[in-house]
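Colleague: What follows is a single structure, and I will ask about it in a moment.
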Amino acid sequence: MDEIQSLFRERARAHILVHGKVHGVFFRDYTKKKADELGITGWVKNTDGAVEVVAEGDKTTLRKFILECQKGSPLAKVEKVDYTWEDFTGKFDRFFINY
């Protein structure tokens, strides 16, 4: 992509909650791998009954990432993905698993 196109890409933050059989099935590792492949920064962690993700990048790539979260790791059974768009902060320099 040339520099001019990259200037017009809308950067955003997505706050994502993934519900279903997502604990004990390598979902956080899967999420980190997909984020790294797509160049997304932020974090993923287990919460009570869900996996929470905060991801930053360009909005088009974040949409692809949300689709990957809906698909889930091979052993996961994703029932529902909720997400909200937030303002990009640039706070992260990588994607990590938050324990």
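In the structure tokens, the first chain shown is A, the next is B, and so on; residue numbers restart at 1 for each chain, and ligands run from 1 in the order shown.
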Using DSSP secondary structure from the backbone, list all alpha helix (DSSP H) positions within chain A, as a PDB file with N, CA and C atoms, in the first residue's frame.
Modeller:
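Full text of out02.pdb as output:
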ATOM      1  N   GLU A   3       1.894   5.301   0.587  1.00  0.00           N
ATOM      2  CA  GLU A   3       1.755   6.181   1.743  1.00  0.00           C
ATOM      3  C   GLU A   3       0.460   6.982   1.730  1.00  0.00           C
ATOM      4  N   ILE A   4       0.013   7.408   0.570  1.00  0.00           N
ATOM      5  CA  ILE A   4      -1.211   8.211   0.486  1.00  0.00           C
ATOM      6  C   ILE A   4      -2.419   7.393   0.909  1.00  0.00           C
ATOM      7  N   GLN A   5      -2.522   6.137   0.426  1.00  0.00           N
ATOM      8  CA  GLN A   5      -3.639   5.281   0.833  1.00  0.00           C
ATOM      9  C   GLN A   5      -3.634   5.061   2.337  1.00  0.00           C
ATOM     10  N   SER A   6      -2.458   4.855   2.921  1.00  0.00           N
ATOM     11  CA  SER A   6      -2.388   4.587   4.356  1.00  0.00           C
ATOM     12  C   SER A   6      -2.848   5.787   5.175  1.00  0.00           C
ATOM     13  N   LEU A   7      -2.712   6.988   4.644  1.00  0.00           N
ATOM     14  CA  LEU A   7      -3.170   8.180   5.354  1.00  0.00           C
ATOM     15  C   LEU A   7      -4.690   8.222   5.484  1.00  0.00           C
ATOM     16  N   PHE A  27      -8.022 -20.344  22.927  1.00  0.00           N
ATOM     17  CA  PHE A  27      -8.618 -19.205  22.234  1.00  0.00           C
ATOM     18  C   PHE A  27      -7.729 -17.958  22.333  1.00  0.00           C
ATOM     19  N   ARG A  28      -7.152 -17.709  23.509  1.00  0.00           N
ATOM     20  CA  ARG A  28      -6.286 -16.525  23.643  1.00  0.00           C
ATOM     21  C   ARG A  28      -5.060 -16.636  22.747  1.00  0.00           C
ATOM     22  N   ASP A  29      -4.454 -17.824  22.679  1.00  0.00           N
ATOM     23  CA  ASP A  29      -3.298 -18.019  21.795  1.00  0.00           C
ATOM     24  C   ASP A  29      -3.682 -17.820  20.334  1.00  0.00           C
ATOM     25  N   TYR A  30      -4.837 -18.352  19.954  1.00  0.00           N
ATOM     26  CA  TYR A  30      -5.356 -18.192  18.589  1.00  0.00           C
ATOM     27  C   TYR A  30      -5.552 -16.708  18.278  1.00  0.00           C
ATOM     28  N   THR A  31      -6.144 -15.980  19.219  1.00  0.00           N
ATOM     29  CA  THR A  31      -6.410 -14.553  19.039  1.00  0.00           C
ATOM     30  C   THR A  31      -5.116 -13.775  18.867  1.00  0.00           C
ATOM     31  N   LYS A  32      -4.115 -14.077  19.690  1.00  0.00           N
ATOM     32  CA  LYS A  32      -2.826 -13.397  19.581  1.00  0.00           C
ATOM     33  C   LYS A  32      -2.187 -13.676  18.228  1.00  0.00           C
ATOM     34  N   LYS A  33      -2.228 -14.927  17.800  1.00  0.00           N
ATOM     35  CA  LYS A  33      -1.637 -15.288  16.505  1.00  0.00           C
ATOM     36  C   LYS A  33      -2.311 -14.511  15.376  1.00  0.00           C
ATOM     37  N   LYS A  34      -3.638 -14.445  15.386  1.00  0.00           N
ATOM     38  CA  LYS A  34      -4.362 -13.717  14.339  1.00  0.00           C
ATOM     39  C   LYS A  34      -4.056 -12.222  14.394  1.00  0.00           C
ATOM     40  N   ALA A  35      -3.994 -11.657  15.591  1.00  0.00           N
ATOM     41  CA  ALA A  35      -3.668 -10.233  15.733  1.00  0.00           C
ATOM     42  C   ALA A  35      -2.267  -9.949  15.189  1.00  0.00           C
ATOM     43  N   ASP A  36      -1.312 -10.815  15.526  1.00  0.00           N
ATOM     44  CA  ASP A  36       0.056 -10.630  15.034  1.00  0.00           C
ATOM     45  C   ASP A  36       0.104 -10.720  13.510  1.00  0.00           C
ATOM     46  N   GLU A  37      -0.639 -11.682  12.933  1.00  0.00           N
ATOM     47  CA  GLU A  37      -0.674 -11.830  11.473  1.00  0.00           C
ATOM     48  C   GLU A  37      -1.239 -10.588  10.782  1.00  0.00           C
ATOM     49  N   LEU A  38      -2.226  -9.961  11.428  1.00  0.00           N
ATOM     50  CA  LEU A  38      -2.910  -8.807  10.835  1.00  0.00           C
ATOM     51  C   LEU A  38      -2.283  -7.466  11.212  1.00  0.00           C
ATOM     52  N   LYS A  59      -9.586   0.172  10.634  1.00  0.00           N
ATOM     53  CA  LYS A  59     -10.927  -0.383  10.812  1.00  0.00           C
ATOM     54  C   LYS A  59     -11.198  -1.572   9.881  1.00  0.00           C
ATOM     55  N   THR A  60     -10.684  -1.519   8.678  1.00  0.00           N
ATOM     56  CA  THR A  60     -10.876  -2.628   7.742  1.00  0.00           C
ATOM     57  C   THR A  60     -10.223  -3.897   8.281  1.00  0.00           C
ATOM     58  N   THR A  61      -9.014  -3.774   8.785  1.00  0.00           N
ATOM     59  CA  THR A  61      -8.309  -4.925   9.345  1.00  0.00           C
ATOM     60  C   THR A  61      -8.982  -5.397  10.625  1.00  0.00           C
ATOM     61  N   LEU A  62      -9.476  -4.476  11.435  1.00  0.00           N
ATOM     62  CA  LEU A  62     -10.187  -4.871  12.651  1.00  0.00           C
ATOM     63  C   LEU A  62     -11.453  -5.670  12.318  1.00  0.00           C
ATOM     64  N   ARG A  63     -12.122  -5.315  11.244  1.00  0.00           N
ATOM     65  CA  ARG A  63     -13.301  -6.099  10.825  1.00  0.00           C
ATOM     66  C   ARG A  63     -12.901  -7.541  10.495  1.00  0.00           C
ATOM     67  N   LYS A  64     -11.782  -7.720   9.805  1.00  0.00           N
ATOM     68  CA  LYS A  64     -11.269  -9.064   9.507  1.00  0.00           C
ATOM     69  C   LYS A  64     -10.948  -9.801  10.812  1.00  0.00           C
ATOM     70  N   PHE A  65     -10.357  -9.089  11.751  1.00  0.00           N
ATOM     71  CA  PHE A  65      -9.997  -9.677  13.036  1.00  0.00           C
ATOM     72  C   PHE A  65     -11.249 -10.123  13.799  1.00  0.00           C
ATOM     73  N   ILE A  66     -12.289  -9.323  13.781  1.00  0.00           N
ATOM     74  CA  ILE A  66     -13.545  -9.686  14.458  1.00  0.00           C
ATOM     75  C   ILE A  66     -14.125 -10.951  13.825  1.00  0.00           C
ATOM     76  N   LEU A  67     -14.037 -11.080  12.518  1.00  0.00           N
ATOM     77  CA  LEU A  67     -14.488 -12.310  11.849  1.00  0.00           C
ATOM     78  C   LEU A  67     -13.678 -13.517  12.320  1.00  0.00           C
ATOM     79  N   GLU A  68     -12.389 -13.330  12.529  1.00  0.00           N
ATOM     80  CA  GLU A  68     -11.553 -14.416  13.053  1.00  0.00           C
ATOM     81  C   GLU A  68     -11.973 -14.786  14.476  1.00  0.00           C
ATOM     82  N   CYS A  69     -12.336 -13.780  15.268  1.00  0.00           N
ATOM     83  CA  CYS A  69     -12.823 -14.053  16.627  1.00  0.00           C
ATOM     84  C   CYS A  69     -14.133 -14.834  16.578  1.00  0.00           C
ATOM     85  N   GLN A  70     -14.983 -14.531  15.604  1.00  0.00           N
ATOM     86  CA  GLN A  70     -16.244 -15.263  15.455  1.00  0.00           C
ATOM     87  C   GLN A  70     -15.997 -16.714  15.061  1.00  0.00           C
ATOM     88  N   LYS A  71     -14.971 -16.937  14.268  1.00  0.00           N
ATOM     89  CA  LYS A  71     -14.623 -18.295  13.860  1.00  0.00           C
ATOM     90  C   LYS A  71     -14.034 -19.055  15.046  1.00  0.00           C
TER      91      LYS A  71
END
Colleague: Can you pull out every residue within 6 Å of stretch 75-81 of chain A, counting only C-alpha atoms, but drop anything in the same chain fewer than 4 positions away, and send it as a ChimeraX atom specification?
Modeller: /A:17-22,25
Colleague: Since we have the selection now, will you write its residues out, keeping C-alpha atoms, as a compact mmCIF listing (two decimals), in the first residue's frame?
Modeller:
# COMPACT_ATOMS: atom_id res chain seq x y z
CA LEU A 17 -16.43 -9.94 24.07
CA VAL A 18 -16.47 -13.51 22.79
CA HIS A 19 -19.00 -15.87 24.40
CA GLY A 20 -19.28 -19.66 24.24
CA LYS A 21 -16.82 -22.46 24.81
CA VAL A 22 -13.77 -20.21 24.71
CA VAL A 25 -9.41 -24.26 24.08
Colleague: Output as a list of chain:residue names all residues of stretch 40-89 of chain A that backbone DSSP marks as strand (DSSP E or B).
Modeller: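 Filtering stretch 40-89 of chain A to strand (DSSP E or B) leaves A:Thr41, A:Gly42, A:Trp43, A:Val44, A:Lys45, A:Asn46, A:Thr47, A:Ala50, A:Val51, A:Glu52, A:Val53, A:Val54, A:Ala55, A:Glu56, A:Gly57, A:Asp58, A:Lys77, A:Val78, A:Glu79, A:Lys80, A:Val81, A:Asp82, A:Tyr83, A:Thr84, A:Trp85, A:Glu86.
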Colleague: The selected residues should be written to file as a tab-separated table (two decimals), in the first residue's frame (atoms: N, CA and C atoms).
Modeller:
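The resulting file, result28.tsv, is shown below:
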chain	number	residue	atom	x	y	z
A	41	THR	N	-2.71	-4.34	17.36
A	41	THR	CA	-2.15	-4.23	18.70
A	41	THR	C	-3.28	-4.29	19.73
A	42	GLY	N	-2.92	-4.56	20.99
A	42	GLY	CA	-3.91	-4.60	22.06
A	42	GLY	C	-3.68	-5.78	22.97
A	43	TRP	N	-4.78	-6.36	23.49
A	43	TRP	CA	-4.65	-7.48	24.42
A	43	TRP	C	-5.89	-8.36	24.40
A	44	VAL	N	-5.73	-9.56	24.97
A	44	VAL	CA	-6.82	-10.52	25.13
A	44	VAL	C	-6.70	-11.12	26.52
A	45	LYS	N	-7.85	-11.38	27.17
A	45	LYS	CA	-7.83	-12.03	28.48
A	45	LYS	C	-9.14	-12.78	28.70
A	46	ASN	N	-9.06	-13.80	29.56
A	46	ASN	CA	-10.27	-14.51	29.98
A	46	ASN	C	-11.01	-13.68	31.01
A	47	THR	N	-12.33	-13.68	30.92
A	47	THR	CA	-13.18	-13.09	31.94
A	47	THR	C	-14.19	-14.15	32.33
A	50	ALA	N	-16.37	-15.53	29.32
A	50	ALA	CA	-16.11	-14.94	28.01
A	50	ALA	C	-14.62	-14.67	27.85
A	51	VAL	N	-14.25	-14.25	26.67
A	51	VAL	CA	-12.91	-13.74	26.42
A	51	VAL	C	-13.08	-12.29	26.01
A	52	GLU	N	-12.30	-11.42	26.63
A	52	GLU	CA	-12.35	-9.99	26.34
A	52	GLU	C	-11.13	-9.61	25.51
A	53	VAL	N	-11.36	-8.77	24.51
A	53	VAL	CA	-10.28	-8.33	23.63
A	53	VAL	C	-10.39	-6.82	23.44
A	54	VAL	N	-9.27	-6.15	23.52
A	54	VAL	CA	-9.17	-4.75	23.10
A	54	VAL	C	-8.15	-4.74	21.97
A	55	ALA	N	-8.58	-4.29	20.80
A	55	ALA	CA	-7.73	-4.35	19.62
A	55	ALA	C	-7.71	-3.00	18.91
A	56	GLU	N	-6.53	-2.61	18.44
A	56	GLU	CA	-6.39	-1.36	17.71
A	56	GLU	C	-5.71	-1.60	16.37
A	57	GLY	N	-6.14	-0.84	15.39
A	57	GLY	CA	-5.56	-0.93	14.05
A	57	GLY	C	-6.46	-0.17	13.09
A	58	ASP	N	-6.27	-0.42	11.79
A	58	ASP	CA	-7.18	0.25	10.87
A	58	ASP	C	-8.51	-0.54	10.87
A	77	LYS	N	-16.06	-23.17	20.60
A	77	LYS	CA	-17.42	-23.10	20.04
A	77	LYS	C	-17.95	-21.71	20.38
A	78	VAL	N	-17.76	-20.79	19.46
A	78	VAL	CA	-18.18	-19.41	19.67
A	78	VAL	C	-19.68	-19.32	19.46
A	79	GLU	N	-20.37	-18.81	20.48
A	79	GLU	CA	-21.82	-18.64	20.39
A	79	GLU	C	-22.22	-17.23	20.00
A	80	LYS	N	-21.44	-16.25	20.46
A	80	LYS	CA	-21.80	-14.85	20.21
A	80	LYS	C	-20.57	-13.97	20.37
A	81	VAL	N	-20.47	-12.96	19.53
A	81	VAL	CA	-19.41	-11.96	19.65
A	81	VAL	C	-20.07	-10.59	19.70
A	82	ASP	N	-19.82	-9.88	20.78
A	82	ASP	CA	-20.28	-8.50	20.93
A	82	ASP	C	-19.07	-7.59	20.77
A	83	TYR	N	-19.26	-6.48	20.08
A	83	TYR	CA	-18.14	-5.53	19.97
A	83	TYR	C	-18.68	-4.11	19.85
A	84	THR	N	-17.86	-3.20	20.30
A	84	THR	CA	-18.16	-1.78	20.16
A	84	THR	C	-16.93	-1.09	19.59
A	85	TRP	N	-17.18	-0.07	18.79
A	85	TRP	CA	-16.09	0.74	18.24
A	85	TRP	C	-15.76	1.86	19.22
A	86	GLU	N	-14.49	2.10	19.39
A	86	GLU	CA	-14.01	3.17	20.27
A	86	GLU	C	-12.95	3.97	19.52
Colleague: Quick one: pull the distance between atom CA of A:Gly49 and atom CA of A:Phe92, Å, one decimal.
Modeller: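 If I compute the distance from atom CA of A:Gly49 to atom CA of A:Phe92, I get 25.5 Å.
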Colleague: What gap, in Å, lies between atom CA of A:Ala14 and atom CA of A:Pro74?
Modeller: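 Between atom CA of A:Ala14 and atom CA of A:Pro74 the gap works out to 23.0 Å.
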Colleague: Kindly give the distance, in Å, that separates atom CA of A:Arg13 and atom CA of A:Thr89, rounded to a single decimal.
Modeller: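 It comes out at 7.5 Å.
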